[in-house]
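Structure file coords.cif; described as mmCIF, C-alpha atoms and all ligand atoms.
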data_data
#
loop_
_atom_site.label_atom_id
_atom_site.label_comp_id
_atom_site.auth_asym_id
_atom_site.auth_seq_id
_atom_site.Cartn_x
_atom_site.Cartn_y
_atom_site.Cartn_z
CA MET U 1 7.10 14.18 24.73
CA PRO U 2 7.93 11.69 21.97
CA GLU U 3 11.20 12.50 20.27
CA THR U 4 11.30 13.65 16.66
CA PRO U 5 13.53 11.26 14.69
CA SER U 6 16.54 13.15 13.29
CA ARG U 7 16.16 11.99 9.70
CA LYS U 8 12.83 10.78 8.50
CA ILE U 9 12.39 8.06 5.89
CA GLY U 10 11.14 9.55 2.62
CA LEU U 11 8.07 7.74 1.35
CA ALA U 12 6.41 7.56 -2.04
CA VAL U 13 2.87 6.19 -1.90
CA LEU U 14 1.43 4.52 -5.00
CA ILE U 15 -2.37 4.49 -5.22
CA SER U 16 -5.16 3.71 -7.68
CA GLY U 17 -8.37 4.40 -5.80
CA ARG U 18 -10.08 5.66 -2.70
CA GLY U 19 -6.82 6.03 -0.78
CA SER U 20 -7.90 5.19 2.75
CA ASN U 21 -4.54 3.54 3.38
CA LEU U 22 -2.84 6.64 2.00
CA GLN U 23 -4.90 8.60 4.54
CA SER U 24 -3.69 6.38 7.38
CA LEU U 25 -0.11 7.14 6.33
CA ILE U 26 -0.84 10.87 6.01
CA ASP U 27 -2.29 10.82 9.54
CA ALA U 28 0.64 8.82 10.94
CA CYS U 29 3.15 11.20 9.34
CA ARG U 30 1.58 14.06 11.29
CA LEU U 31 2.75 12.48 14.55
CA PRO U 32 6.05 14.07 15.58
CA ASP U 33 7.62 10.74 16.53
CA PHE U 34 6.66 8.99 13.29
CA PRO U 35 9.88 8.04 11.51
CA ALA U 36 8.74 8.80 7.95
CA GLU U 37 7.32 11.54 5.79
CA ILE U 38 5.47 11.30 2.48
CA LYS U 39 7.41 13.02 -0.28
CA VAL U 40 5.11 12.23 -3.17
CA VAL U 41 1.93 10.35 -4.07
CA VAL U 42 1.77 8.66 -7.47
CA CYS U 43 -1.58 7.62 -8.90
CA ASN U 44 -2.35 5.75 -12.12
CA LYS U 45 -6.07 6.64 -12.22
CA PRO U 46 -7.00 10.27 -12.90
CA GLU U 47 -10.41 9.81 -11.24
CA ALA U 48 -9.11 8.29 -7.98
CA TYR U 49 -10.38 9.90 -4.77
CA GLY U 50 -6.94 9.41 -3.24
CA ILE U 51 -5.69 12.32 -5.37
CA GLU U 52 -8.03 14.61 -3.43
CA ARG U 53 -6.67 13.26 -0.13
CA ALA U 54 -3.10 13.99 -1.27
CA LYS U 55 -4.09 17.51 -2.31
CA GLN U 56 -5.88 18.17 0.98
CA ALA U 57 -2.74 17.12 2.81
CA GLY U 58 -0.66 19.48 0.65
CA LEU U 59 1.35 16.63 -0.85
CA PRO U 60 2.71 16.55 -4.39
CA CYS U 61 0.63 14.10 -6.40
CA VAL U 62 1.76 12.88 -9.79
CA VAL U 63 -0.94 11.32 -11.94
CA ILE U 64 0.40 8.94 -14.56
CA SER U 65 -2.32 7.05 -16.37
CA HIS U 66 -1.12 3.62 -17.48
CA LYS U 67 -3.51 4.00 -20.43
CA ASP U 68 -1.22 6.63 -21.94
CA PHE U 69 1.54 4.07 -22.48
CA SER U 70 1.88 1.26 -24.97
CA SER U 71 3.76 -1.10 -22.63
CA ARG U 72 4.01 -1.80 -18.91
CA GLU U 73 7.69 -0.92 -19.02
CA ALA U 74 7.05 2.48 -20.59
CA PHE U 75 4.44 3.24 -17.89
CA GLU U 76 6.84 2.06 -15.19
CA GLN U 77 9.66 4.14 -16.63
CA ALA U 78 7.45 7.22 -16.39
CA MET U 79 6.86 6.41 -12.72
CA LEU U 80 10.58 5.82 -12.13
CA ASN U 81 11.32 9.18 -13.73
CA ALA U 82 8.72 10.94 -11.58
CA LEU U 83 10.07 9.33 -8.41
CA SER U 84 13.62 10.38 -9.24
CA ASP U 85 12.57 14.00 -8.62
CA TYR U 86 12.03 13.22 -4.92
CA ASP U 87 14.20 11.98 -2.10
CA ILE U 88 12.61 8.55 -1.63
CA ASP U 89 13.81 5.74 0.61
CA LEU U 90 10.75 3.49 0.55
CA ILE U 91 7.86 3.02 -1.88
CA CYS U 92 4.53 1.97 -0.38
CA GLN U 93 1.88 0.47 -2.64
CA ALA U 94 -1.46 1.32 -1.05
CA GLY U 95 -4.28 -0.03 -3.18
CA PHE U 96 -2.13 0.33 -6.29
CA MET U 97 -3.84 -1.93 -8.82
CA ARG U 98 -1.14 -2.51 -11.45
CA ILE U 99 1.11 -5.52 -11.44
CA LEU U 100 4.70 -4.29 -11.62
CA THR U 101 7.39 -5.91 -13.73
CA PRO U 102 11.08 -6.34 -12.87
CA HIS U 103 11.73 -3.11 -14.78
CA PHE U 104 10.28 -1.25 -11.80
CA ILE U 105 10.80 -3.79 -9.03
CA THR U 106 14.51 -4.55 -9.53
CA PRO U 107 15.88 -1.05 -8.90
CA TRP U 108 13.65 -0.77 -5.81
CA ALA U 109 14.00 -4.34 -4.50
CA GLY U 110 13.95 -4.35 -0.70
CA ARG U 111 12.55 -0.81 -0.66
CA LEU U 112 9.15 -1.51 -2.21
CA ILE U 113 6.30 -2.77 -0.03
CA ASN U 114 2.59 -3.52 -0.45
CA ILE U 115 -0.49 -4.04 1.67
CA HIS U 116 -2.69 -7.00 0.83
CA PRO U 117 -6.09 -7.71 2.41
CA SER U 118 -5.53 -11.36 3.37
CA LEU U 119 -3.30 -13.41 5.59
CA LEU U 120 -0.74 -14.28 2.95
CA PRO U 121 0.22 -16.79 1.65
CA LYS U 122 -3.52 -17.46 1.67
CA PHE U 123 -5.69 -15.68 -0.91
CA LYS U 124 -3.22 -13.91 -3.16
CA GLY U 125 -4.79 -11.73 -5.83
CA LEU U 126 -8.31 -10.31 -5.93
CA HIS U 127 -11.63 -10.97 -4.11
CA THR U 128 -9.82 -12.12 -1.00
CA HIS U 129 -12.73 -11.64 1.43
CA GLU U 130 -15.23 -13.53 -0.69
CA ARG U 131 -12.76 -16.37 -1.12
CA ALA U 132 -11.87 -16.52 2.58
CA ILE U 133 -15.57 -16.78 3.53
CA GLU U 134 -16.26 -19.39 0.84
CA ALA U 135 -13.31 -21.46 2.04
CA GLY U 136 -14.84 -21.58 5.53
CA GLU U 137 -11.92 -19.73 7.14
CA THR U 138 -12.46 -18.50 10.69
CA GLU U 139 -9.79 -15.84 10.50
CA ALA U 140 -8.77 -13.18 7.99
CA GLY U 141 -6.53 -10.16 8.07
CA CYS U 142 -4.01 -8.13 6.18
CA THR U 143 -0.35 -8.44 5.29
CA ILE U 144 2.38 -5.92 4.64
CA HIS U 145 5.04 -7.54 2.47
CA TYR U 146 7.94 -6.76 0.20
CA VAL U 147 7.07 -6.63 -3.48
CA THR U 148 8.77 -9.20 -5.66
CA GLU U 149 8.06 -10.45 -9.16
CA GLY U 150 5.66 -13.15 -7.93
CA VAL U 151 2.40 -11.34 -7.15
CA ASP U 152 1.75 -11.16 -3.37
CA GLU U 153 4.68 -13.50 -2.75
CA GLY U 154 7.40 -11.32 -1.21
CA GLU U 155 8.68 -11.68 2.34
CA ILE U 156 6.12 -10.81 4.99
CA ILE U 157 6.87 -7.82 7.21
CA LEU U 158 3.78 -7.81 9.39
CA GLN U 159 0.23 -9.18 9.63
CA ARG U 160 -2.86 -8.23 11.59
CA ARG U 161 -5.69 -10.69 12.12
CA VAL U 162 -9.46 -10.43 12.55
CA PRO U 163 -12.12 -13.09 13.12
CA ILE U 164 -14.54 -14.09 10.38
CA LEU U 165 -17.99 -14.12 11.98
CA GLU U 166 -20.77 -16.52 11.11
CA HIS U 167 -22.95 -14.30 8.95
CA ASP U 168 -20.24 -12.07 7.50
CA THR U 169 -20.70 -10.82 3.96
CA PRO U 170 -17.53 -9.98 1.97
CA ASP U 171 -18.29 -6.30 2.68
CA ASP U 172 -18.55 -6.89 6.44
CA LEU U 173 -15.22 -8.65 6.41
CA ALA U 174 -13.59 -6.06 4.14
CA ALA U 175 -14.58 -3.31 6.61
CA ARG U 176 -13.20 -5.25 9.58
CA VAL U 177 -9.93 -5.96 7.77
CA LEU U 178 -9.63 -2.37 6.50
CA GLU U 179 -9.63 -1.04 10.08
CA GLN U 180 -6.61 -3.24 10.74
CA GLU U 181 -4.96 -2.21 7.47
CA HIS U 182 -5.00 1.37 8.69
CA ILE U 183 -3.08 0.33 11.80
CA ALA U 184 -0.81 -2.11 9.99
CA TYR U 185 0.77 0.20 7.42
CA PRO U 186 2.07 2.80 9.87
CA GLU U 187 3.12 -0.02 12.22
CA ALA U 188 5.14 -1.70 9.44
CA ILE U 189 6.93 1.54 8.64
CA ARG U 190 7.85 2.03 12.29
CA LEU U 191 9.19 -1.52 12.30
CA LEU U 192 11.25 -1.00 9.14
CA ALA U 193 12.63 2.26 10.47
CA LYS U 194 14.22 0.50 13.46
C1 LIG X 201 -7.07 -2.21 0.44
O1 LIG X 201 -7.94 -3.19 0.92
C2 LIG X 201 -5.72 -2.79 0.14
O2 LIG X 201 -5.33 -3.81 1.01
C3 LIG X 201 -5.93 -3.37 -1.23
O3 LIG X 201 -6.75 -2.43 -1.90
C4 LIG X 201 -7.52 -1.71 -0.93
C5 LIG X 201 -7.21 -0.27 -1.13
O4 LIG X 201 -7.99 0.57 -0.34
N1 LIG X 201 -4.67 -3.64 -1.89
P1 LIG X 201 -7.65 2.11 -0.21
O5 LIG X 201 -7.56 2.67 -1.62
O6 LIG X 201 -6.37 2.25 0.53
O7 LIG X 201 -8.81 2.69 0.54
#
I need this file expressed as structure tokens, please.
Ligand code: GRF
Amino acid sequence: MPETPSRKIGLAVLISGRGSNLQSLIDACRLPDFPAEIKVVVCNKPEAYGIERAKQAGLPCVVISHKDFSSREAFEQAMLNALSDYDIDLICQAGFMRILTPHFITPWAGRLINIHPSLLPKFKGLHTHERAIEAGETEAGCTIHYVTEGVDEGEIILQRRVPILEHDTPDDLAARVLEQEHIAYPEAIRLLAK
């Protein structure tokens, strides 16, 4: 029988959309030997399907729409305030589509990580699969990295790779990479817990 770690790492998961990476973390946290537990999900889009996933898993989910705030810092402060109600060790951005400023990043530096659907440092930003195919790459993948002020530039924790096949569309590639994302995020958390 795998051992249950004595103290689990408290996670906050930040999402904006469908939440399949959130789901992979929810599923991993159900394993007795997984070293972390999700304490709260924070979502900036009231219509995101990920909220439903959090609810189905019985997790607290705080919805804070960035549109309700006049500045990025005010939005971020609302998230910081919400997080302070929970015992959080590590914040995981999982398809969270807002660029964070130092106001949020600095107090969480080294404890704030993100998943990006490319083999960083290649293809930072959006439309990674389309750009990888257009560039004639033969390999793609995903990266878990620390979040720093430079977008998609923080230290890399872990990567998983997939081939790009001859007739791949961006959607084909996105699906192949997503499968690996779902393995990578729990794997990265196990690694960090060591
Ligand atoms: C993933 O591809 C992730 O790498 C990127 O946004 C997508 C989010 O998907 N940052 P989901 O919401 O986790 O399903």
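Distances from U:Ile51, U:Ala184, U:Ala57, U:Ala36 to Ile91 of chain U were compared using all atoms listed in the file, and the smallest one belongs to U:Ala36.
You will find atom CA of Leu22 of chain U at 16.4 Å from atom CA of Arg98 of chain U.
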> In terms of the shortest atom-to-atom distance over only C-alpha atoms, which of U:Met97, U:Ile88, U:Leu158, U:Ala82 is closest to Gly19 of chain U?
Replying inline: U:Met97
> Just how far from atom CA of Asp27 of chain U is atom CA of Ala188 of chain U, in Å to one decimal?
Replying inline: 14.6 Å
>> Could you list, as a VMD selection string, all residues that come within 8 Å of ligand LIG 201 (chain X)? Count only C-alpha atoms and all ligand atoms.
In response: chain U and resid 15 to 23 50 93 to 97 114 to 118 142 174 177 to 178 181
> Can you list, as number ranges by chain, every protein, DNA or RNA residue that comes within 12 Å of Asp171 of chain U when you count all atoms listed in the file, leaving out same-chain residues fewer than 5 positions away?
Replying inline: U: 127-130, 133, 164, 176-178
> So what do you get for atom CA of Ile156 of chain U versus atom CA of Tyr185 of chain U, distance-wise?
Replying inline: 12.5 Å
>> Neighbouring residues of Ala78 of chain U were defined as those with any atom within 12 Å, considering only C-alpha atoms; residues of the same chain fewer than 3 positions away were excluded. Please report them as a list in words.
In response: Val42, Cys43, Asn44, Val62, Val63, Ile64, Ser65, His66, Asp68, Phe69, Ser70, Ser71, Arg72, Glu73, Ala74, Phe75, Asn81, Ala82, Leu83, Ser84, Asp85, His103 and Phe104 of chain U
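You can rank U:Pro60, U:Pro102, U:Gly141, U:Gly150 by their closest distance to Ile38 of chain U using all atoms listed in the file, and at the top of that list sits U:Pro60.
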Test item: axis-aligned box, all listed atoms of segment 82-85 of chain U, 4 Å on each side, centre and edges in Å rounded to one decimal, as lines of an AutoDock Vina configuration file:
center_x = 11.2
center_y = 11.7
center_z = -10.0
size_x = 12.9
size_y = 12.7
size_z = 11.2
>> When you count all atoms listed in the file, which of these residues is closest to Ile113 of chain U: U:Glu37, U:Glu155, U:Glu134, U:Glu139?
In response: U:Glu155
>> Taking (12.2, 16.3, -0.6) in the coordinates of the supplied file, I want to know which residues reach to within 8 Å of it, counting all atoms listed in the file; could you give the answer as a PyMOL selection string?
In response: chain U and resi 10+39+86-88
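Compared by their closest atoms to Leu100 of chain U, and using only C-alpha atoms, the residues U:Asp172, U:Val147, U:Pro186, U:Ile26 rank with U:Val147 nearest.
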